[in-house]
Structure formats: C-alpha cells, structure tokens
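Trainee: The structure under discussion is supplied below as structure tokens; questions concerning it will follow.
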Amino acid sequence: MMMAEFVLIGTILLKIIAMVIVLLLAVAYLTFMERKVIGYMQQRIGPNRIGPLGLLQPIADVVKLLNKEIIIPSASNRFLFMIAPMISIFTALAAWAAIPLDQAFVLANINAGVLYIFALSSLGVYGILIAGWASNSKYALFGAMRAAAQSISYEIAMGFAIVGVMMAAGSLNFQAIIHAQAGGIWHWYWLPLFPLWMVYWISGVAETNRAPFDVAEGESELVAGFHVEYSGSMFALFFLAEYINMILISTLAAILFFGGWLSPFEGIPGLETAFAWVPGVVWLLIKLAFFVFCYLWFRATFPRYRYDQIMRLGWKILIPVTLVWIVVIALAVQWQVGPWFTGV
Amino acid sequence: MTLPDIRHYTFNFGPQHPAAHGVLRLILEVDGETIIHADPHVGLLHRATEKLAESKPYNHTIGYMDRLDYVSMMCNEHGYVLAIEKLLGITPPLRAQYIRVMFDEMTRLLNHLLWLGAHGLDIGAMSMFLYCFREREDLLDCYEAVSGSRMHATYYRPGGVYRDLPVNMPQYKPSLWHSKKEVAALNENRQGSLLDFIWDFTERFPERVASYETLLTHNRIWKQRTVNIGVISPERAIAMGFSGPMLRGSGVAWDLRKKQPYEVYDQLDFAIPVGVNGDCYDRYLVRVEEMKQSNHIIRQCVNWLRQNPGPVMIENHKVAPPTRVDMKKKMESLIHHFKLMTEGYALPVGEAYAAIEHPKGEFGVYLISDGANKPYRLKIRAAGFAHLAALNEMVKGHMIADVVAILSSLDIVFGEIDR
C-alpha cells in the first residue's frame, strides 16, 4: 500500500521535474528566437557569437544573470521584495499542471482545469503588484499600478471569451474541450467563435504585458516598470515568468480555439491516415509556436498603446463584443446549430 | 479636524532615462497619470562652447560647432561660417555653395532620420530605429568620404569648403568577416564618384520613406498616440520663438531657405510642407515630407555639381590657405600659410548675425568682433532651447506616456541646448 503510493508520488514528481526543465529550456530558447526573429525583421542578424550560430547565447545569459549581484534597495520592504518574484514564477509554473500536451499526457486532468488556470493567472498579478509596491520606487509603483489595472480589466474580457468556449464544449475540462473540437480544421472553435478568439488573443497579449500592451514595463516611459529595482536572479525570475506566461497563453489559444493536440488533417481523406503517426504533442507544438511567433511579430511591428487607451479598448470594445457573442453562442447551443454545437 | 494635505505626486524624469534624449531632467508633478506641471532642468551637458570660442582663432571653433547638435553637424558649421563670411564680406565660389547646400540637406536627412527612429522608439515602434540607422549609414559614409570623419566633419570653412568632392567613393576591403563576394555586393554602388553614390542613394531613398510611412502614417496606434497630442497654436508657436518643423507643424509657412535665402537656395526647386493642427502627428508628417523635399534638393545639387567643376575655396589667401605647391615656390604664399596657421585671420570690428534653416529650426550665430583674431563674443541661438521652454505648456493635462511622445516630437539634442 505504502509502496504503491511512493511510486505514484515519485512518478508525479518526475513528471513535474521533466515539465519544469522542458519549460525552462523552452523559455531560454524563446529568448533566443525572439532576438533572432526580431533581428531579422529589423535587418540585422541577432546574436551569433556564442556557440555555433549563437545557440549557446541563452546559456550565457543565464550564467550572467545568476552571477550578478542581487541588490535589495535599503528603503524597500525586504520580505515582500524577495517574495514577489517567487509568486510570479510559482503561478506561472503551476498553471502548467492542467495543460494537456497529448491525449494521454497531462499532469492533473482536473474537471475545472480552465478555472484553475484562470485563477492562477489572476494570482500572478500579485507578484507584479507586490514587486512594485515593495521596491518603494516611484517608477516601479507606476508600473505595478498599470499592470494591475491592465491585468484585471483584460481578465474580464478573457474570461468572457473562455466562457464562450465552455458553453460550446459543455465542459471545463481541457481534454473534453479538445475532444469537442474533433472533426478537422473547420470544427475547431476559431471559426464559430471567431470574435471570441480575437478577443482572447488580444487579451492574452495584454495579460502578459507584451507589446503593444507593454505599458507596465514601458521602456521609454517607466524605464522597466515594476521590476526596475530588481537585478540578477530575482530579475531572471520575473523574466522567466513573463516568458512562461507567453507560452501558456499561446498554448491555451491552441487548445481552446485550435484543437489542441488534434491533427489539422482530420477528416481529409488520404492526408489523415498519412499523418496519423504524428504524435499529438507535435501538432500542439506547431500551433503554439505560431502564436509565440505572433508575439514577437507584434513586438517588432506595433507602436505602444497608451495606458488609458488600453483600458478603453478592454472595457469599451472587447467586453461588449464578448457579451454579444456569448448570447449568440447560447442560442446556437440551445438550437443545436450544426456542425459545431450538435453534440452538447 | 483638518483634511489631510493632499499633494501631487512628484517624480524625476531623467537625467538617466531612456527617453530623456540625452541628459534632460524633468520634474513631473502628476495627479494619477495626468501631468499637472513639468519643469525641465537644463545645463547638464554644458560645455562652454561660447566661452571657448573667445580664446581661439576663428577657424579652430568650427570643430566645436559640430559638437553642438551632434546629429546635424555640418548645418552648425554652416551657421558659424556664414557669420564670419558676413563680417569679412566674402562670398564662396558657386560650387562651394552648391556643395554646402547638398551637405546641408544630407544633414537634414541625417537629423530627421535619427529623429524618426527615436520618435518611433519612444512610442514603442522599435523597428523604425534600426531601419532609419540603415539609411544614416550611407549618409555618414558620404561625410566620411568628403571629410575623413563620420560625424564631426569640420568640412565648411570661411570662403568655401575644405576640399572638393572625391572622385572615387571609398570602397570596402575583404576582411576576416567579409568574404570577397560579400564585399563585392557592398561595393556595388561605390564604383563611381561620391556624386554617383549620392545619386544612387537618392534613387532608393523615396521608396524607403514610403515603407516607413506604411508602418506609421496610417497605423491606428500611431495615430492614437500622436493626433491631438501636444497641440500648439500658430500664435503661441510664434510667441514662444518656435522655428523649423515645430513652427511649420502648427501651420506657419516660415522657412529661412525661402524667406531669407542663403547660398543657392533661391535657385533650387523645393516646397515647404506645413501642418494644420500643430500636434505631434502634424510635426511627424511635416518632417517626413521635408525628407522627401531634401531628397529632391540633393538630386538638383548632384546634377549641377556634375556639370560644373570649379574652385571650392576663394582665392583670398588672407582667409584661405594657399596650396602646397604655391608654398614651395612663392615667398608670399609661405608667409600667408604661416600667418594663417599661427594666428589665423582677424575680422573687422563689428557685429554680424547669420542664421540658417537648421533641421531643428533657426540656428543662428551672433558674432561680435573687436578686430582681433578671435571673437569678442559668440552667441549661439539654438532652436531646441525655445522648443524645450514650451514643454510645460504642451504636456499639461496629458499623460506620462504623452510626455515621452511630445518630448521626442520636439526633436531636441542637448549638445545644442546646453551648449
């Protein structure tokens, strides 16, 4: 009895460690990809000095960040200052527990998976808020206030967008949501829930404080915003959390609106069997990589919104759109409009 | 019971700030994110250029002029050189005038490109910065070809320019990092003279400007960030001593190149763009259009310069040094050279003010001579100083992010403001 439990706990721990390591590596090479992609978009070549093709650059960055001195401002609240980056990284990592990577692989296949992730992403704001407050710096406080207001407003729009998905799938479980989209690319929810998908994606970019909604860090206004006083590995934690959240939002976009690990060739004779051997996780990776690329693309293209304009966009445009479309979906589900809402 | 004394939040913007354009220190008083008052502090880059000029022969100060507004170097030289020429009563040869006009306009491009890049970066369009620097690279190569220096050229001299345009454009050489093939591609437009290189640049530049405009001009975010931000009425703009694109952005068609033509501007064809609303967006449009007009002027100058060879320096050896060949043969030339290189030349007693249409506005040099070989007093009118002084009026009631947009739309450089 005891033995079996130990084995179970052991395997879960192993899975968690594997997941975290993969995530950290993904973040490391996401920073590399970001610098390369934006570099080529800006007619330069990006990092190419360290290792072949510059591939060891992220490793060098990590070593650099870990070696740097952690400076704690004397006027700060020491305890909160230390704990803020931990909250950020904890919530960013913990959210991954409920993400299904494949038909069989998910750390915790909980029934309220969507709610769980939603709750954790809301908690992530505390990290930013506490960091900004505890630093006792004016720029950090501005950044924290902006980040808090922005995350909370966009959480609402994002929440309503996800409500639409839940109504369409009739479940809060990620695997069930993915199964509800089975049947090929035209059955994925991006088509019937198109406005919600747009709202989700815009809110997702805003939620992670990335360009063009990066007012919380707003380089040219607030220097670095809420983490202006952080250095070394404590800064690295914020950085990690931001990038993990980017990947998370991209993965959620793939799961909620693009069929998760489902093959895009489902229902196409010939192609479906030809690609049947490809594991689902590969499809998921391709989809999420595209969304991550979009993040970088936006950053290289768009000017930055102003703080109040972001608020206006969130409250006056995105939320009304979701409200209207939720009604539309409710009616569609009620009347079993095919081919998407027949099975609910 | 008394109510608590609620004071506005005050914070420092700069001098160490990524958007402070050098070393501006702004003390911002804010209510939430709305600006109540902005107090610009200047002087952190004061280098006593005016005082230094009082202790040097006239020609030695030309190099200091480059360092005033360090993104429009030759235009600064031009203002100074014009003031000296005015007091001396000399006119440079026509070819030198065309060269000056051409390099003035190339400098305008340099300045506006840097401004556009920095403005984009401040509003968050970071790619603009790198695109603009790609263009600047070619223009700085022209500076280098003609003067040997990429930034601080010291190319203009009283009586003309230091030397004629080079017949061969300098080329890249193969190195450890660039193979022969890569270098051949880089040198493709450097096969002819400097004028050919400039012509090639003007051929492709309008397309490049058009591509920048596709990124910004009709971009909704860009417009939201700039339209109706930092509005200044034409009356206030005149009252506060605005000049250049800041004044034209408000709709006042004032341009010294048209109103008080110097050199050969009266013989060239170009238009003066003016704005309507006097906001950041109009100033952006005016500067972009000015880049196109400058390109047009450069093309006219290249055409003229190709057809009209000639001297680029006056023959008066009291001001301009004689040739080396003459020095070896003629006693008089040797004496002239020795006198010029040791004590310079003296200006007649008097005062002169010369102003040019600098990329940032009216750049004026006021010179008082007591008859010595150095100025009694040199006063520089920097365009940016008046613009910065109006900052408080422009940012009042806007938000913190708008301060950054307005500040960069002023196009200020502290080398010039602090002098």
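Residues are referred to by chain and number: the chain letter is A, B, ... according to the order shown in the structure tokens, the number counts from 1 in that chain, and ligands are numbered separately from 1 in the order shown.
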Could you list, as number ranges by chain, every residue of chain A that has an atom within 10 Å of an atom of chain B, counting only C-alpha atoms?
Mentor: A: 38-39, 41-44, 137-139, 142, 146, 211-215, 218-224, 298-309
Trainee: Near Val199 (chain A), counting only C-alpha atoms, which residues have an atom at most 7 Å away, once you skip same-chain residues fewer than 4 positions from it, shown as a list in words?
Mentor: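 Near neighbours after the sequence-gap exclusion: Ala157, Met158, Ala161, Pro195, Ser203 and Leu318 of chain A.
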Trainee: Could you save the residues just selected, with all heavy atoms, as a PDB file, in the first residue's frame?
Mentor:
ATOM      1  N   ALA A 157     -12.372  40.386 -20.008  1.00  0.00           N
ATOM      2  CA  ALA A 157     -12.618  40.096 -21.422  1.00  0.00           C
ATOM      3  C   ALA A 157     -12.203  38.669 -21.756  1.00  0.00           C
ATOM      4  O   ALA A 157     -12.928  37.924 -22.422  1.00  0.00           O
ATOM      5  CB  ALA A 157     -11.839  41.087 -22.283  1.00  0.00           C
ATOM      6  N   MET A 158     -11.048  38.297 -21.227  1.00  0.00           N
ATOM      7  CA  MET A 158     -10.546  36.951 -21.490  1.00  0.00           C
ATOM      8  C   MET A 158     -11.471  35.915 -20.880  1.00  0.00           C
ATOM      9  O   MET A 158     -11.779  34.886 -21.495  1.00  0.00           O
ATOM     10  CB  MET A 158      -9.165  36.844 -20.859  1.00  0.00           C
ATOM     11  CG  MET A 158      -8.339  35.733 -21.373  1.00  0.00           C
ATOM     12  SD  MET A 158      -6.700  36.034 -20.716  1.00  0.00           S
ATOM     13  CE  MET A 158      -5.988  34.482 -21.023  1.00  0.00           C
ATOM     14  N   ALA A 161     -14.445  35.446 -22.984  1.00  0.00           N
ATOM     15  CA  ALA A 161     -14.102  34.689 -24.193  1.00  0.00           C
ATOM     16  C   ALA A 161     -14.055  33.196 -23.868  1.00  0.00           C
ATOM     17  O   ALA A 161     -14.528  32.357 -24.640  1.00  0.00           O
ATOM     18  CB  ALA A 161     -12.764  35.161 -24.751  1.00  0.00           C
ATOM     19  N   PRO A 195     -15.041  35.891 -33.132  1.00  0.00           N
ATOM     20  CA  PRO A 195     -14.856  37.124 -32.346  1.00  0.00           C
ATOM     21  C   PRO A 195     -14.250  36.841 -30.973  1.00  0.00           C
ATOM     22  O   PRO A 195     -13.404  37.604 -30.500  1.00  0.00           O
ATOM     23  CB  PRO A 195     -16.274  37.676 -32.194  1.00  0.00           C
ATOM     24  CG  PRO A 195     -17.070  37.010 -33.248  1.00  0.00           C
ATOM     25  CD  PRO A 195     -16.452  35.673 -33.474  1.00  0.00           C
ATOM     26  N   SER A 203      -6.549  39.920 -25.577  1.00  0.00           N
ATOM     27  CA  SER A 203      -6.454  39.975 -24.112  1.00  0.00           C
ATOM     28  C   SER A 203      -5.244  39.203 -23.625  1.00  0.00           C
ATOM     29  O   SER A 203      -4.608  39.591 -22.652  1.00  0.00           O
ATOM     30  CB  SER A 203      -7.690  39.375 -23.448  1.00  0.00           C
ATOM     31  OG  SER A 203      -8.837  39.795 -24.085  1.00  0.00           O
ATOM     32  N   LEU A 318     -13.690  45.226 -26.267  1.00  0.00           N
ATOM     33  CA  LEU A 318     -13.557  43.768 -26.141  1.00  0.00           C
ATOM     34  C   LEU A 318     -14.685  43.162 -25.308  1.00  0.00           C
ATOM     35  O   LEU A 318     -15.294  42.163 -25.701  1.00  0.00           O
ATOM     36  CB  LEU A 318     -12.193  43.409 -25.555  1.00  0.00           C
ATOM     37  CG  LEU A 318     -10.984  43.841 -26.381  1.00  0.00           C
ATOM     38  CD1 LEU A 318      -9.702  43.278 -25.797  1.00  0.00           C
ATOM     39  CD2 LEU A 318     -11.118  43.392 -27.827  1.00  0.00           C
TER      40      LEU A 318
END
Trainee: Give me the residues within 9 Å of Ile70 (chain A) as a list in words, counting only C-alpha atoms and dropping any in the same chain fewer than 6 places off.
Mentor: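 The filter keeps Tyr230, Ser231, Gly232, Ser233, Met234 and Phe235 of chain A.
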Trainee: Can I get the selected residues back with C-alpha atoms, as a PDB file, in the first residue's frame?
Mentor:
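Writing the result to part.pdb gives the following:
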ATOM      1  CA  TYR A 230      15.370  44.038  -9.435  1.00  0.00           C
ATOM      2  CA  SER A 231      18.663  42.608 -10.545  1.00  0.00           C
ATOM      3  CA  GLY A 232      20.394  39.294 -11.081  1.00  0.00           C
ATOM      4  CA  SER A 233      18.485  36.119 -10.470  1.00  0.00           C
ATOM      5  CA  MET A 234      15.485  37.909  -8.959  1.00  0.00           C
ATOM      6  CA  PHE A 235      15.040  39.792 -12.193  1.00  0.00           C
TER       7      PHE A 235
END
Trainee: Using only C-alpha atoms, which of the listed residues (B:Arg67, B:Lys56, B:His41, B:His358) sits closest to Glu343 (chain B)?
Mentor: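 Between B:Arg67, B:Lys56, B:His41, B:His358, the residue approaching Glu343 (chain B) most closely is B:Lys56.
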Trainee: So that I can check the secondary structure, give me every residue of region 86-224 of chain B assigned helix (DSSP H, G or I) by backbone DSSP, as a ChimeraX atom specification.
Mentor: /B:86-88,94-123,126-147,180-186,188-190,194-216,220-224
